[in-house]
Structures are given as structure tokens and as C-alpha cells.
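J.: See query-v7.txt below, with compact mmCIF, C-alpha atoms and all ligand atoms.
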```txt
# COMPACT_ATOMS: atom_id res chain seq x y z
CA MET P 1 -9.32 -15.50 -15.59
CA ILE P 2 -6.40 -15.54 -13.19
CA TYR P 3 -6.05 -12.33 -11.20
CA PHE P 4 -2.50 -11.91 -9.89
CA ASP P 5 -2.51 -8.09 -9.59
CA ASN P 6 -3.75 -7.62 -6.04
CA ASN P 7 -1.24 -4.88 -5.21
CA ALA P 8 -2.88 -2.77 -7.94
CA THR P 9 -6.31 -3.38 -6.50
CA THR P 10 -8.38 -6.14 -4.96
CA PRO P 11 -11.89 -7.34 -5.76
CA ASN P 12 -14.64 -6.32 -3.34
CA ASP P 13 -15.25 -8.90 -0.66
CA GLU P 14 -18.91 -10.03 -0.87
CA ARG P 15 -19.41 -9.12 2.78
CA VAL P 16 -18.10 -5.62 2.07
CA LEU P 17 -20.55 -5.21 -0.81
CA GLU P 18 -23.39 -6.34 1.43
CA ALA P 19 -22.41 -3.75 4.05
CA MET P 20 -22.15 -0.99 1.45
CA LEU P 21 -25.30 -1.54 -0.59
CA PRO P 22 -27.89 -0.13 1.88
CA PHE P 23 -25.93 3.14 1.90
CA MET P 24 -26.26 3.36 -1.87
CA LYS P 25 -29.96 2.52 -1.81
CA THR P 26 -32.16 3.51 1.11
CA MET P 27 -29.74 5.02 3.62
CA TYR P 28 -28.56 7.89 1.50
CA GLY P 29 -28.50 10.59 4.17
CA ASN P 30 -25.77 13.18 4.54
CA PRO P 31 -23.90 12.55 7.82
CA SER P 32 -24.08 16.29 8.55
CA SER P 33 -27.90 16.30 8.43
CA VAL P 34 -29.68 16.37 11.77
CA HIS P 35 -32.66 14.20 10.74
CA ARG P 36 -32.81 10.43 11.06
CA LEU P 37 -31.30 9.59 7.67
CA GLY P 38 -28.40 11.87 8.46
CA ARG P 39 -27.95 10.30 11.88
CA ILE P 40 -27.95 6.77 10.40
CA ALA P 41 -25.21 7.79 7.93
CA LYS P 42 -23.22 9.52 10.66
CA SER P 43 -23.30 6.53 12.96
CA ALA P 44 -22.28 4.21 10.09
CA VAL P 45 -19.24 6.42 9.44
CA GLU P 46 -18.39 6.28 13.15
CA VAL P 47 -18.64 2.46 13.22
CA ALA P 48 -16.27 2.35 10.22
CA ARG P 49 -13.91 4.70 12.05
CA GLU P 50 -13.80 2.27 14.98
CA GLN P 51 -13.16 -0.67 12.65
CA VAL P 52 -10.30 1.10 10.85
CA ALA P 53 -8.86 2.29 14.18
CA ALA P 54 -8.91 -1.28 15.53
CA LEU P 55 -7.04 -2.54 12.46
CA VAL P 56 -4.04 -0.33 13.18
CA ASP P 57 -4.33 -0.12 16.96
CA VAL P 58 -5.34 3.54 17.48
CA GLN P 59 -8.22 5.56 18.92
CA PRO P 60 -11.08 6.33 16.48
CA SER P 61 -10.35 10.06 16.85
CA GLN P 62 -6.98 9.45 15.18
CA VAL P 63 -8.59 8.36 11.90
CA ILE P 64 -9.10 11.01 9.18
CA PHE P 65 -11.06 9.55 6.27
CA THR P 66 -9.86 10.51 2.80
CA SER P 67 -10.66 9.42 -0.77
CA GLY P 68 -7.81 6.90 -0.76
CA GLY P 69 -4.10 6.36 -0.28
CA THR P 70 -3.06 9.10 -2.69
CA GLU P 71 -5.03 11.72 -0.76
CA ALA P 72 -3.81 10.40 2.59
CA ASN P 73 -0.21 10.70 1.36
CA ASN P 74 -0.84 14.18 -0.04
CA LEU P 75 -2.44 15.25 3.25
CA ALA P 76 0.61 13.99 5.14
CA ILE P 77 3.02 15.80 2.83
CA ASN P 78 0.86 18.94 2.95
CA SER P 79 1.43 18.89 6.71
CA ALA P 80 5.21 18.60 6.27
CA PHE P 81 7.47 21.53 7.06
CA GLY P 82 11.11 22.56 6.95
CA ARG P 83 13.57 20.04 5.56
CA VAL P 84 11.80 17.02 4.10
CA ALA P 85 13.28 13.60 3.33
CA ILE P 86 11.65 10.66 1.53
CA SER P 87 12.96 7.25 0.54
CA ALA P 88 14.02 6.53 -3.04
CA VAL P 89 11.34 3.86 -3.42
CA GLU P 90 8.20 5.80 -2.47
CA HIS P 91 4.94 5.62 -4.38
CA SER P 92 4.39 8.48 -6.85
CA SER P 93 1.80 10.04 -4.52
CA ILE P 94 4.65 10.74 -2.09
CA TYR P 95 7.47 11.67 -4.42
CA GLU P 96 5.34 13.88 -6.68
CA SER P 97 3.72 15.73 -3.77
CA ALA P 98 7.04 16.08 -1.93
CA LYS P 99 8.77 17.62 -4.95
CA ARG P 100 7.83 21.12 -3.84
CA PHE P 101 10.08 20.66 -0.79
CA VAL P 102 13.03 19.53 -2.96
CA PRO P 103 13.37 16.57 -0.59
CA GLU P 104 16.47 14.72 0.49
CA ILE P 105 16.26 11.25 -1.08
CA ILE P 106 17.06 8.41 1.31
CA ALA P 107 18.95 5.65 -0.49
CA VAL P 108 18.10 1.96 -0.29
CA ASN P 109 20.50 -0.97 -0.56
CA ARG P 110 20.46 -3.76 -3.16
CA ASP P 111 17.66 -5.46 -1.20
CA GLY P 112 15.54 -2.29 -1.31
CA LEU P 113 16.05 -1.55 2.39
CA CYS P 114 16.92 1.73 4.15
CA GLU P 115 19.86 0.83 6.39
CA PRO P 116 20.32 2.19 9.96
CA LYS P 117 23.60 3.90 8.95
CA THR P 118 21.77 5.73 6.16
CA ILE P 119 19.24 6.97 8.73
CA THR P 120 22.07 8.07 11.04
CA GLU P 121 23.59 10.05 8.15
CA LEU P 122 20.17 11.51 7.37
CA ILE P 123 19.72 12.65 10.98
CA SER P 124 23.03 14.54 10.79
CA LYS P 125 21.43 16.64 8.03
CA ARG P 126 18.71 17.65 10.50
CA PRO P 127 15.51 16.88 8.61
CA ASP P 128 12.18 18.05 10.07
CA PHE P 129 9.89 15.59 8.31
CA VAL P 130 10.59 12.09 6.96
CA SER P 131 8.38 9.75 4.93
CA ILE P 132 9.34 6.10 4.35
CA MET P 133 6.83 3.47 3.23
CA LEU P 134 6.17 0.38 5.33
CA ALA P 135 5.93 -2.05 2.40
CA ASN P 136 6.77 -1.43 -1.21
CA ASN P 137 4.08 -1.95 -3.84
CA GLU P 138 6.49 -3.33 -6.47
CA THR P 139 8.94 -5.50 -4.54
CA GLY P 140 6.89 -6.13 -1.38
CA VAL P 141 9.99 -5.18 0.67
CA ILE P 142 9.14 -4.31 4.28
CA GLN P 143 11.17 -1.47 5.78
CA PRO P 144 12.28 -1.62 9.45
CA ILE P 145 9.94 1.26 10.31
CA ALA P 146 9.90 0.72 14.10
CA GLU P 147 13.73 0.85 14.23
CA ILE P 148 13.86 3.92 12.00
CA ALA P 149 11.13 5.61 14.09
CA ALA P 150 13.14 4.96 17.26
CA GLN P 151 16.11 6.76 15.68
CA LEU P 152 14.01 9.67 14.38
CA ASN P 153 11.92 10.08 17.54
CA GLU P 154 15.06 10.59 19.61
CA HIS P 155 15.63 13.74 17.56
CA GLY P 156 11.99 14.88 17.49
CA ILE P 157 11.74 14.37 13.72
CA MET P 158 8.20 13.98 12.36
CA PHE P 159 7.77 10.57 10.70
CA HIS P 160 5.12 9.44 8.22
CA THR P 161 4.77 5.96 6.76
CA ASP P 162 2.71 4.83 3.78
CA ALA P 163 1.17 1.55 4.97
CA VAL P 164 -1.19 1.20 1.99
CA GLN P 165 0.34 -2.10 0.86
CA ALA P 166 1.18 -3.43 4.30
CA VAL P 167 -2.22 -3.58 6.01
CA GLY P 168 -4.12 -6.77 5.45
CA LYS P 169 -0.89 -8.60 4.62
CA MET P 170 1.04 -8.19 7.90
CA PRO P 171 0.23 -6.95 11.42
CA VAL P 172 0.34 -3.13 11.54
CA SER P 173 0.24 -1.32 14.88
CA PHE P 174 0.60 2.46 14.75
CA LYS P 175 1.75 2.43 18.38
CA LYS P 176 4.35 -0.28 17.88
CA LEU P 177 5.68 1.38 14.74
CA GLY P 178 6.16 4.65 16.64
CA VAL P 179 5.33 6.89 13.67
CA GLN P 180 3.32 10.12 13.82
CA MET P 181 1.29 9.62 10.60
CA LEU P 182 0.29 6.56 8.58
CA SER P 183 -1.62 6.20 5.28
CA LEU P 184 -4.19 3.55 4.38
CA SER P 185 -6.34 2.69 1.36
CA SER P 186 -9.54 0.64 1.21
CA HIS P 187 -9.25 -0.85 -2.26
CA LYS P 188 -6.05 -2.72 -1.43
CA ILE P 189 -7.89 -4.69 1.28
CA TYR P 190 -11.00 -5.84 -0.62
CA GLY P 191 -12.90 -2.75 0.52
CA GLY P 192 -13.74 -0.91 -2.69
CA LYS P 193 -12.37 2.26 -4.22
CA GLY P 194 -12.85 5.82 -3.01
CA ALA P 195 -11.89 5.56 0.66
CA GLY P 196 -8.69 5.70 2.62
CA ALA P 197 -7.41 7.28 5.80
CA LEU P 198 -4.58 9.20 7.33
CA ILE P 199 -3.91 8.06 10.89
CA VAL P 200 -2.44 10.81 13.04
CA ASP P 201 -0.83 11.21 16.40
CA GLU P 202 -2.16 13.97 18.70
CA SER P 203 1.18 15.75 18.38
CA VAL P 204 0.66 16.38 14.66
CA SER P 205 -0.68 19.61 13.26
CA ILE P 206 -2.52 18.82 10.02
CA SER P 207 -2.79 21.30 7.13
CA PRO P 208 -5.99 20.38 5.26
CA LEU P 209 -6.02 20.05 1.50
CA PHE P 210 -9.72 20.98 1.26
CA LEU P 211 -11.53 23.74 3.12
CA GLY P 212 -15.30 23.88 3.46
CA GLY P 213 -17.87 22.29 5.75
CA GLY P 214 -15.37 21.19 8.36
CA GLN P 215 -15.97 17.43 8.18
CA GLU P 216 -13.36 15.05 9.64
CA GLN P 217 -12.43 17.42 12.50
CA ASN P 218 -11.82 20.20 9.95
CA TYR P 219 -9.00 18.18 8.39
CA ARG P 220 -10.94 17.02 5.34
CA SER P 221 -13.96 19.04 4.30
CA GLY P 222 -16.47 17.53 1.89
CA THR P 223 -19.50 15.29 2.31
CA GLU P 224 -18.29 11.87 3.33
CA ASN P 225 -18.37 9.02 0.78
CA VAL P 226 -20.53 7.06 3.20
CA ALA P 227 -20.89 3.78 1.28
CA ALA P 228 -17.15 3.63 0.52
CA ILE P 229 -16.28 4.43 4.13
CA VAL P 230 -18.67 1.73 5.39
CA GLY P 231 -17.02 -0.71 2.96
CA PHE P 232 -13.58 0.33 4.19
CA GLY P 233 -14.68 -0.29 7.79
CA LYS P 234 -16.01 -3.76 7.00
CA ALA P 235 -12.88 -4.59 5.00
CA ALA P 236 -10.71 -3.43 7.91
CA GLU P 237 -12.65 -5.63 10.33
CA LEU P 238 -12.20 -8.65 8.05
CA ALA P 239 -8.52 -7.85 7.44
CA LYS P 240 -7.99 -7.95 11.20
CA THR P 241 -9.97 -11.09 12.03
CA GLU P 242 -8.75 -13.06 9.01
CA LEU P 243 -5.15 -11.83 8.92
CA ASP P 244 -3.52 -15.05 10.12
CA ALA P 245 -5.41 -17.27 7.70
CA ARG P 246 -4.82 -14.90 4.77
CA GLN P 247 -1.10 -14.59 5.51
CA THR P 248 -0.67 -18.36 5.72
CA ARG P 249 -2.56 -18.89 2.49
CA MET P 250 -0.66 -16.18 0.56
CA LEU P 251 2.70 -17.36 1.85
CA SER P 252 2.08 -20.96 0.84
CA LEU P 253 1.09 -19.86 -2.68
CA ARG P 254 4.10 -17.56 -2.92
CA THR P 255 6.49 -20.28 -1.74
CA MET P 256 5.07 -22.62 -4.35
CA LEU P 257 5.43 -19.96 -7.05
CA GLU P 258 8.99 -19.07 -6.05
CA ASN P 259 10.07 -22.71 -5.90
CA LYS P 260 8.75 -23.24 -9.41
CA LEU P 261 10.36 -20.02 -10.66
CA ALA P 262 13.70 -21.10 -9.18
CA GLN P 263 13.67 -24.06 -11.58
CA LEU P 264 13.71 -21.71 -14.58
CA SER P 265 17.30 -20.85 -15.46
CA LYS P 266 16.72 -17.30 -16.75
CA VAL P 267 14.62 -16.07 -13.81
CA THR P 268 15.79 -13.61 -11.14
CA ILE P 269 13.60 -12.80 -8.16
CA PHE P 270 14.22 -9.23 -7.02
CA ALA P 271 14.83 -8.48 -3.31
CA GLN P 272 14.36 -12.15 -2.51
CA ASN P 273 16.52 -11.95 0.60
CA ALA P 274 14.75 -8.97 2.15
CA PRO P 275 11.76 -9.23 4.48
CA ARG P 276 8.81 -9.08 2.08
CA LEU P 277 5.02 -9.12 2.05
CA PRO P 278 3.71 -12.69 1.84
CA ASN P 279 1.89 -12.02 -1.44
CA THR P 280 4.41 -10.23 -3.67
CA VAL P 281 6.93 -11.65 -6.14
CA LEU P 282 8.80 -9.31 -8.48
CA PHE P 283 10.88 -11.25 -10.94
CA GLY P 284 12.53 -10.86 -14.32
CA ILE P 285 13.38 -13.22 -17.16
CA ASP P 286 16.81 -12.41 -18.64
CA GLY P 287 16.55 -10.62 -21.97
CA VAL P 288 12.73 -10.67 -22.01
CA GLU P 289 10.71 -7.42 -21.67
CA GLY P 290 8.29 -7.63 -18.73
CA GLU P 291 5.72 -5.60 -20.66
CA MET P 292 5.77 -8.16 -23.50
CA VAL P 293 5.20 -11.05 -21.07
CA LEU P 294 2.38 -9.08 -19.44
CA LEU P 295 0.62 -8.63 -22.78
CA LYS P 296 1.05 -12.29 -23.72
CA LEU P 297 -0.31 -13.37 -20.33
CA ASP P 298 -3.21 -10.97 -20.75
CA GLN P 299 -4.14 -12.74 -24.00
CA ARG P 300 -4.35 -15.95 -21.99
CA GLY P 301 -6.55 -14.36 -19.32
CA VAL P 302 -3.84 -13.79 -16.71
CA CYS P 303 -3.56 -10.34 -15.05
CA VAL P 304 -0.14 -9.34 -13.73
CA SER P 305 1.77 -6.10 -13.72
CA SER P 306 5.18 -5.04 -14.93
CA GLY P 307 6.63 -2.94 -12.14
CA SER P 308 4.09 -0.56 -10.65
CA ALA P 309 0.55 -0.65 -12.01
CA CYS P 310 0.21 3.04 -11.23
CA THR P 311 2.91 3.78 -13.80
CA SER P 312 2.02 1.18 -16.41
CA GLY P 313 1.66 2.67 -19.85
CA GLU P 314 5.07 4.25 -19.32
CA THR P 315 8.04 2.43 -20.78
CA GLU P 316 10.43 3.89 -18.19
CA PRO P 317 12.10 1.27 -15.99
CA SER P 318 10.87 1.15 -12.40
CA HIS P 319 12.43 3.83 -10.17
CA VAL P 320 12.29 1.30 -7.34
CA LEU P 321 14.55 -1.20 -9.12
CA LEU P 322 16.88 1.55 -10.32
CA ALA P 323 17.22 2.77 -6.72
CA MET P 324 18.23 -0.77 -5.76
CA GLY P 325 21.10 -0.62 -8.25
CA ILE P 326 19.44 -2.86 -10.85
CA SER P 327 20.45 -1.89 -14.41
CA PRO P 328 17.80 -0.21 -16.60
CA GLN P 329 17.95 -3.23 -18.96
CA GLN P 330 17.27 -5.71 -16.18
CA ALA P 331 14.63 -3.45 -14.63
CA GLN P 332 12.70 -3.60 -17.92
CA THR P 333 12.30 -7.36 -17.45
CA ALA P 334 10.31 -6.97 -14.22
CA ILE P 335 7.02 -8.79 -13.84
CA ARG P 336 5.03 -8.40 -10.63
CA VAL P 337 2.79 -11.14 -9.32
CA SER P 338 0.74 -10.00 -6.34
CA LEU P 339 -1.34 -12.77 -4.85
CA SER P 340 -4.49 -12.85 -2.79
CA HIS P 341 -5.78 -15.38 -0.26
CA GLN P 342 -8.49 -16.00 -2.88
CA ASN P 343 -5.96 -17.45 -5.39
CA THR P 344 -5.41 -21.20 -5.70
CA PRO P 345 -2.46 -23.59 -6.20
CA ALA P 346 -3.99 -24.57 -9.57
CA GLU P 347 -3.70 -20.94 -10.70
CA VAL P 348 -0.05 -20.84 -9.69
CA LEU P 349 0.62 -24.02 -11.69
CA GLU P 350 -1.17 -22.65 -14.74
CA PHE P 351 0.82 -19.44 -14.50
CA ILE P 352 4.10 -21.38 -14.33
CA GLU P 353 3.11 -23.39 -17.38
CA LEU P 354 2.43 -20.20 -19.33
CA ILE P 355 5.71 -18.48 -18.50
CA THR P 356 7.99 -21.52 -18.67
CA PRO P 357 8.69 -21.11 -22.43
CA TYR P 358 10.19 -17.67 -21.73
CA GLY P 359 12.24 -18.67 -18.71
CA VAL P 360 14.33 -21.67 -19.78
C1 LIG P 401 2.31 2.11 -1.66
C2 LIG P 401 1.13 2.83 -2.22
N1 LIG P 401 0.82 4.04 -1.75
C3 LIG P 401 -0.24 4.73 -2.21
C4 LIG P 401 -1.04 4.23 -3.21
C5 LIG P 401 -2.19 5.04 -3.70
O1 LIG P 401 -3.41 4.57 -3.14
P1 LIG P 401 -4.80 4.88 -3.85
O2 LIG P 401 -4.88 4.05 -5.08
O3 LIG P 401 -5.83 4.50 -2.81
O4 LIG P 401 -4.84 6.35 -4.14
C6 LIG P 401 -0.74 2.98 -3.76
C7 LIG P 401 -1.53 2.44 -4.88
O5 LIG P 401 -1.03 1.74 -5.74
C8 LIG P 401 0.37 2.26 -3.24
O6 LIG P 401 0.70 1.05 -3.72
```
Show me, as C-alpha cells, the structure contained in the file I just sent.

T.:
Amino acid sequence: MIYFDNNATTPNDERVLEAMLPFMKTMYGNPSSVHRLGRIAKSAVEVAREQVAALVDVQPSQVIFTSGGTEANNLAINSAFGRVAISAVEHSSIYESAKRFVPEIIAVNRDGLCEPKTITELISKRPDFVSIMLANNETGVIQPIAEIAAQLNEHGIMFHTDAVQAVGKMPVSFKKLGVQMLSLSSHKIYGGKGAGALIVDESVSISPLFLGGGQEQNYRSGTENVAAIVGFGKAAELAKTELDARQTRMLSLRTMLENKLAQLSKVTIFAQNAPRLPNTVLFGIDGVEGEMVLLKLDQRGVCVSSGSACTSGETEPSHVLLAMGISPQQAQTAIRVSLSHQNTPAEVLEFIELITPYGV
């Protein structure tokens, strides 16, 4: 099998599994319990908090563990107030949860980027809360979040960024970005499902989604998913120490893939000129439905996605490509390859061989 769908989810790193297993077997205590098993669980959660904090350059007290990226995004939006603005290319966990604010939609250009002049126009409408993702899950496009934050901070506008796809694929420093809230998810960084985090600045007042036992500084009640949090911590540590090697590996595979794709006459690579994650290629083959190619590849043991995995099953064209001014017909051709450092050049070559008949 060739797994090229790493933006949908990643396999568990063996070292993550090893770290998690004891907390599913013998160390099953509740972190709120005072006895020794409880204390062991509590200190494991605190180690994970330090590891996640180190990944994004914050203090451990700024990390609120959640069940994943969707909950982190919902928690951020639940803490929004007044006039809310979100970009046109956000993940559904932002645009669905922000709907209740009837948000201003921030346009992107043909490369999928929010331009400084668009942000200047936005500021003139006096928003109170803005959410723009750091890297897009479909195109891999990286927004200039630090520049946008500098503009918004001057006007005291609260700024959240969804960094779920960015961490582990590029350096992410909360401080350098200058945002007030940032979302993370464990299963996109080889850490297993069921854990994520919202990183918050001290200036932020959080409105919890769940009330109860007061875990996570009262921001997220509910007994902690200890094993998943431990896995997230280990994955964060590895994502930090191995970032350079992983980036280099992913970029060399992507360059190889894009060079081969460029030789196929009917292929268009979307947002190719924008700054992008080193692992993501979204492309289309003229006149060929992406969903059809996906199914054919699946029969040959190759896993890719057409547009966003979170919306697959729908036949609607990707809202991200539509926002970039791509026609609905062309948007339907989209096929997303999202690589991992664990992929190989041989897999890229096999993939090219399989799609070549459609692309010439
Ligand atoms: C950009 C982005 N944000 C949020 C999420 C949701 O994260 P989770 O699956 O951990 O709920 C995803 C998942 O696809 C994503 O790609």
C-alpha cells in the first residue's frame, strides 16, 4: 500500500505507541486522583504539556488539552466576541462554528493567500476577532500570519490561527507569529487520535465548551485522555527534534513528484507559486474527475484524497479552490497528495506510473 494522505491523518510513530501503551495497561489512574496511580497519570500529562509547549515556543501553562483540532477550533470560536471575521479557506471546524456570528469572510487571491490590502480593508470594518489558518489542509498554502498579526495587533484585534496542518511540517513559534490563540492536533503529527490543544495568550479570556470537574484550568472539564495526551507529547517532541530532517525528506519527494507531474500535459498544480507546506501537492487533470482517479488509485492500493478528506463523500467542489477563483468544473478535478517523511522515491515513481494514462 502507498499512503499519500498524511494531511487527513498520519500513522502512529512506533515511539509514540511505546510511550502510550503503559497508560492503557497498568498506569490507568485518573489524573485528578490523589493516590499514586493518579499522581503518575497527572505527571505524565504535565510532561506532555511541556513537550507540546516546547514545540510551539510557549509556557506549559498556555497549553489547554482538547480532544483534537476540531475542539480546539470550537473552543477558540466559543471565546470569540463582537464582530468576527474568518478567511474563505478555513477548515469546516472554523467556518461551521463561526456561522453563529455571521462572520465577515476574508477573501484570498488566486494563490490562496490573504493579501495585506485585504487585511487593511478588513481592519476598517473594525472586527473584534479574526481567525485565519496558518497552513491550508487542501492546498498546503501558508498564510503570512506574522505579518497579518502585526497589522491586527496594532488595532487590538484578537487573532486566532489554526496551525493543525502546519506543525511538524514547518517551524511554528507562537511568539514569533504574534497571535493570541493557536490550534493543534495530535493525529496530524504521528501522535494518535483523540488529543489536540488550544494554545492561549494570557490576555485571552476563554469561554469553556464543557463545564464540570474543572480540569485544564477550568477551560476544559472532563477526565483527561491520558494515553492520547502522552502520545501527543511524545509526537510533539519528535516533531521538534526531527523537523529539519523531515522537511528535507518531504520536500525532496514533493519536488520529484512535481517535476514528474509537470511532464504530463493535462496536469495543473494548484497554488504552485504560493509558499506551501513541503508535503502537499494539490493538482488536477483536465477533464478528469478527481474522485474517479481516487477510486481507481484505491483499487491499486494507493491512498490519496480529492480535496479535503474531511468533506469526502460530498460531491461538492472544494470551497478552498472556489475561493481561489478556480471554476467548479476544474475544482472537481482536484487530487491531493500529502506526503510523509516515511514515504519513498519508489512510491512517488509508482504513483506517477499509475496516473500517467490519465494525464497525457
Ligand atoms: C486545518 C485543519 N484544522 C482542523 C482539523 C480538525 O482536526 P481534528 O481532526 O483533530 O479534529 C483538520 C483536520 O483535517 C485540519 O486539516

J.: Which residues are near Leu113 of chain P? Cut-off 12 Å, all atoms listed in the file, ignore same chain within fewer than 4 positions. Put them as a VMD selection string.

T.: chain P and resid 87 to 90 106 to 109 117 to 119 132 to 136 139 to 145 148 271 to 276 320 to 321 323 to 325

J.: Residues of the last selection are to be written out with C-alpha atoms, as a short mmCIF file (atom, residue, chain, number, x, y, z; two decimals), keeping the file's coordinate frame.

T.:
```cif
data_model
loop_
_atom_site.label_atom_id
_atom_site.label_comp_id
_atom_site.auth_asym_id
_atom_site.auth_seq_id
_atom_site.Cartn_x
_atom_site.Cartn_y
_atom_site.Cartn_z
CA SER P 87 12.96 7.25 0.54
CA ALA P 88 14.02 6.53 -3.04
CA VAL P 89 11.34 3.86 -3.42
CA GLU P 90 8.20 5.80 -2.47
CA ILE P 106 17.06 8.41 1.31
CA ALA P 107 18.95 5.65 -0.49
CA VAL P 108 18.10 1.96 -0.29
CA ASN P 109 20.50 -0.97 -0.56
CA LYS P 117 23.60 3.90 8.95
CA THR P 118 21.77 5.73 6.16
CA ILE P 119 19.24 6.97 8.73
CA ILE P 132 9.34 6.10 4.35
CA MET P 133 6.83 3.47 3.23
CA LEU P 134 6.17 0.38 5.33
CA ALA P 135 5.93 -2.05 2.40
CA ASN P 136 6.77 -1.43 -1.21
CA THR P 139 8.94 -5.50 -4.54
CA GLY P 140 6.89 -6.13 -1.38
CA VAL P 141 9.99 -5.18 0.67
CA ILE P 142 9.14 -4.31 4.28
CA GLN P 143 11.17 -1.47 5.78
CA PRO P 144 12.28 -1.62 9.45
CA ILE P 145 9.94 1.26 10.31
CA ILE P 148 13.86 3.92 12.00
CA ALA P 271 14.83 -8.48 -3.31
CA GLN P 272 14.36 -12.15 -2.51
CA ASN P 273 16.52 -11.95 0.60
CA ALA P 274 14.75 -8.97 2.15
CA PRO P 275 11.76 -9.23 4.48
CA ARG P 276 8.81 -9.08 2.08
CA VAL P 320 12.29 1.30 -7.34
CA LEU P 321 14.55 -1.20 -9.12
CA ALA P 323 17.22 2.77 -6.72
CA MET P 324 18.23 -0.77 -5.76
CA GLY P 325 21.10 -0.62 -8.25
#
```

J.: Could you list, as a PDB file with C-alpha atoms, keeping the file's coordinate frame, all protein and nucleic acid residues with an atom at most 9 Å from ligand LIG 401 (chain P), counting all atoms listed in the file?

T.:
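Listing of selection.pdb after writing:
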```
ATOM      1  CA  ASN P   7      -1.240  -4.880  -5.210  1.00  0.00           C
ATOM      2  CA  ALA P   8      -2.880  -2.770  -7.940  1.00  0.00           C
ATOM      3  CA  THR P   9      -6.310  -3.380  -6.500  1.00  0.00           C
ATOM      4  CA  SER P  67     -10.660   9.420  -0.770  1.00  0.00           C
ATOM      5  CA  GLY P  68      -7.810   6.900  -0.760  1.00  0.00           C
ATOM      6  CA  GLY P  69      -4.100   6.360  -0.280  1.00  0.00           C
ATOM      7  CA  THR P  70      -3.060   9.100  -2.690  1.00  0.00           C
ATOM      8  CA  GLU P  71      -5.030  11.720  -0.760  1.00  0.00           C
ATOM      9  CA  ALA P  72      -3.810  10.400   2.590  1.00  0.00           C
ATOM     10  CA  ASN P  73      -0.210  10.700   1.360  1.00  0.00           C
ATOM     11  CA  GLU P  90       8.200   5.800  -2.470  1.00  0.00           C
ATOM     12  CA  HIS P  91       4.940   5.620  -4.380  1.00  0.00           C
ATOM     13  CA  SER P  92       4.390   8.480  -6.850  1.00  0.00           C
ATOM     14  CA  SER P  93       1.800  10.040  -4.520  1.00  0.00           C
ATOM     15  CA  ILE P  94       4.650  10.740  -2.090  1.00  0.00           C
ATOM     16  CA  MET P 133       6.830   3.470   3.230  1.00  0.00           C
ATOM     17  CA  LEU P 134       6.170   0.380   5.330  1.00  0.00           C
ATOM     18  CA  ALA P 135       5.930  -2.050   2.400  1.00  0.00           C
ATOM     19  CA  ASN P 136       6.770  -1.430  -1.210  1.00  0.00           C
ATOM     20  CA  ASN P 137       4.080  -1.950  -3.840  1.00  0.00           C
ATOM     21  CA  GLU P 138       6.490  -3.330  -6.470  1.00  0.00           C
ATOM     22  CA  ASP P 162       2.710   4.830   3.780  1.00  0.00           C
ATOM     23  CA  ALA P 163       1.170   1.550   4.970  1.00  0.00           C
ATOM     24  CA  VAL P 164      -1.190   1.200   1.990  1.00  0.00           C
ATOM     25  CA  GLN P 165       0.340  -2.100   0.860  1.00  0.00           C
ATOM     26  CA  ALA P 166       1.180  -3.430   4.300  1.00  0.00           C
ATOM     27  CA  SER P 183      -1.620   6.200   5.280  1.00  0.00           C
ATOM     28  CA  LEU P 184      -4.190   3.550   4.380  1.00  0.00           C
ATOM     29  CA  SER P 185      -6.340   2.690   1.360  1.00  0.00           C
ATOM     30  CA  SER P 186      -9.540   0.640   1.210  1.00  0.00           C
ATOM     31  CA  HIS P 187      -9.250  -0.850  -2.260  1.00  0.00           C
ATOM     32  CA  LYS P 188      -6.050  -2.720  -1.430  1.00  0.00           C
ATOM     33  CA  LYS P 193     -12.370   2.260  -4.220  1.00  0.00           C
ATOM     34  CA  GLY P 194     -12.850   5.820  -3.010  1.00  0.00           C
ATOM     35  CA  ALA P 195     -11.890   5.560   0.660  1.00  0.00           C
ATOM     36  CA  GLY P 196      -8.690   5.700   2.620  1.00  0.00           C
ATOM     37  CA  SER P 308       4.090  -0.560 -10.650  1.00  0.00           C
ATOM     38  CA  ALA P 309       0.550  -0.650 -12.010  1.00  0.00           C
ATOM     39  CA  CYS P 310       0.210   3.040 -11.230  1.00  0.00           C
TER      40      CYS P 310
END
```

J.: Restricting the calculation to all atoms listed in the file: of P:Ala227, P:Leu349, P:Met181, P:Leu198, which residue gets closest to Tyr28 of chain P?

T.: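 Selected residue with least distance to Tyr28 of chain P: P:Ala227.
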
J.: So, with all atoms listed in the file as the atoms that count, which of P:Pro171, P:Pro116, P:Gly191, P:Gly178 lies closest to Thr10 of chain P?

T.: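 Among the listed residues, the smallest separation from Thr10 of chain P belongs to P:Gly191.
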
J.: Using only C-alpha atoms, which of the listed residues (P:Leu322, P:Val200, P:Ile352, P:Met250) sits closest to Asp57 of chain P?

T.: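 Of P:Leu322, P:Val200, P:Ile352, P:Met250, the one nearest Asp57 of chain P, counting only C-alpha atoms, is P:Val200.
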
J.: Residues at most 6 Å from Val337 of chain P, counting only C-alpha atoms, excluding those fewer than 2 positions away in the same chain, as JSON, numbers by chain?

T.: {"P": [4, 280, 281, 304]}

J.: When distances are computed from all atoms listed in the file, which of P:Thr223, P:Val58, P:Arg336, P:Val167 shows the smallest separation from Ser33 of chain P?

T.: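 Nearest to Ser33 of chain P: P:Thr223.
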
J.: Which residues are close to Ile206 of chain P, i.e. within 9 Å by all atoms listed in the file, leaving aside same-chain residues fewer than 3 positions away? Reply as a list in words.

T.: Leu75, Ala76, Asn78, Ser79, Ala80, Val200 and Tyr219 of chain P

J.: Considering all atoms listed in the file, state which residue in the set P:Arg100, P:Lys25, P:Lys125, P:Arg220 is at the smallest distance from His155 of chain P.

T.: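 Distance minimum relative to His155 of chain P lands on P:Lys125.
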
J.: Contacts of Ala41 of chain P at 7 Å or less, counting all atoms listed in the file, minus same-chain residues fewer than 2 places along, as a compact mmCIF listing (two decimals) with C-alpha atoms, keeping the file's coordinate frame?

T.:
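Full text of selection17.txt as output:
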```
# COMPACT_ATOMS: atom_id res chain seq x y z
CA MET P 27 -29.74 5.02 3.62
CA GLY P 29 -28.50 10.59 4.17
CA ASN P 30 -25.77 13.18 4.54
CA PRO P 31 -23.90 12.55 7.82
CA LEU P 37 -31.30 9.59 7.67
CA GLY P 38 -28.40 11.87 8.46
CA ARG P 39 -27.95 10.30 11.88
CA SER P 43 -23.30 6.53 12.96
CA ALA P 44 -22.28 4.21 10.09
CA VAL P 45 -19.24 6.42 9.44
CA VAL P 226 -20.53 7.06 3.20
```

J.: For atom CA of Gln342 of chain P and atom CA of Asp298 of chain P, determine how far apart the two atoms are, in Å to one decimal place.

T.: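 Between atom CA of Gln342 of chain P and atom CA of Asp298 of chain P the gap works out to 19.3 Å.
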
J.: Considering only C-alpha atoms, state which residue in the set P:Gly82, P:Gly192, P:Pro11, P:Gly287 is at the smallest distance from Val230 of chain P.

T.: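 That would be P:Gly192, the residue with the smallest distance to Val230 of chain P.
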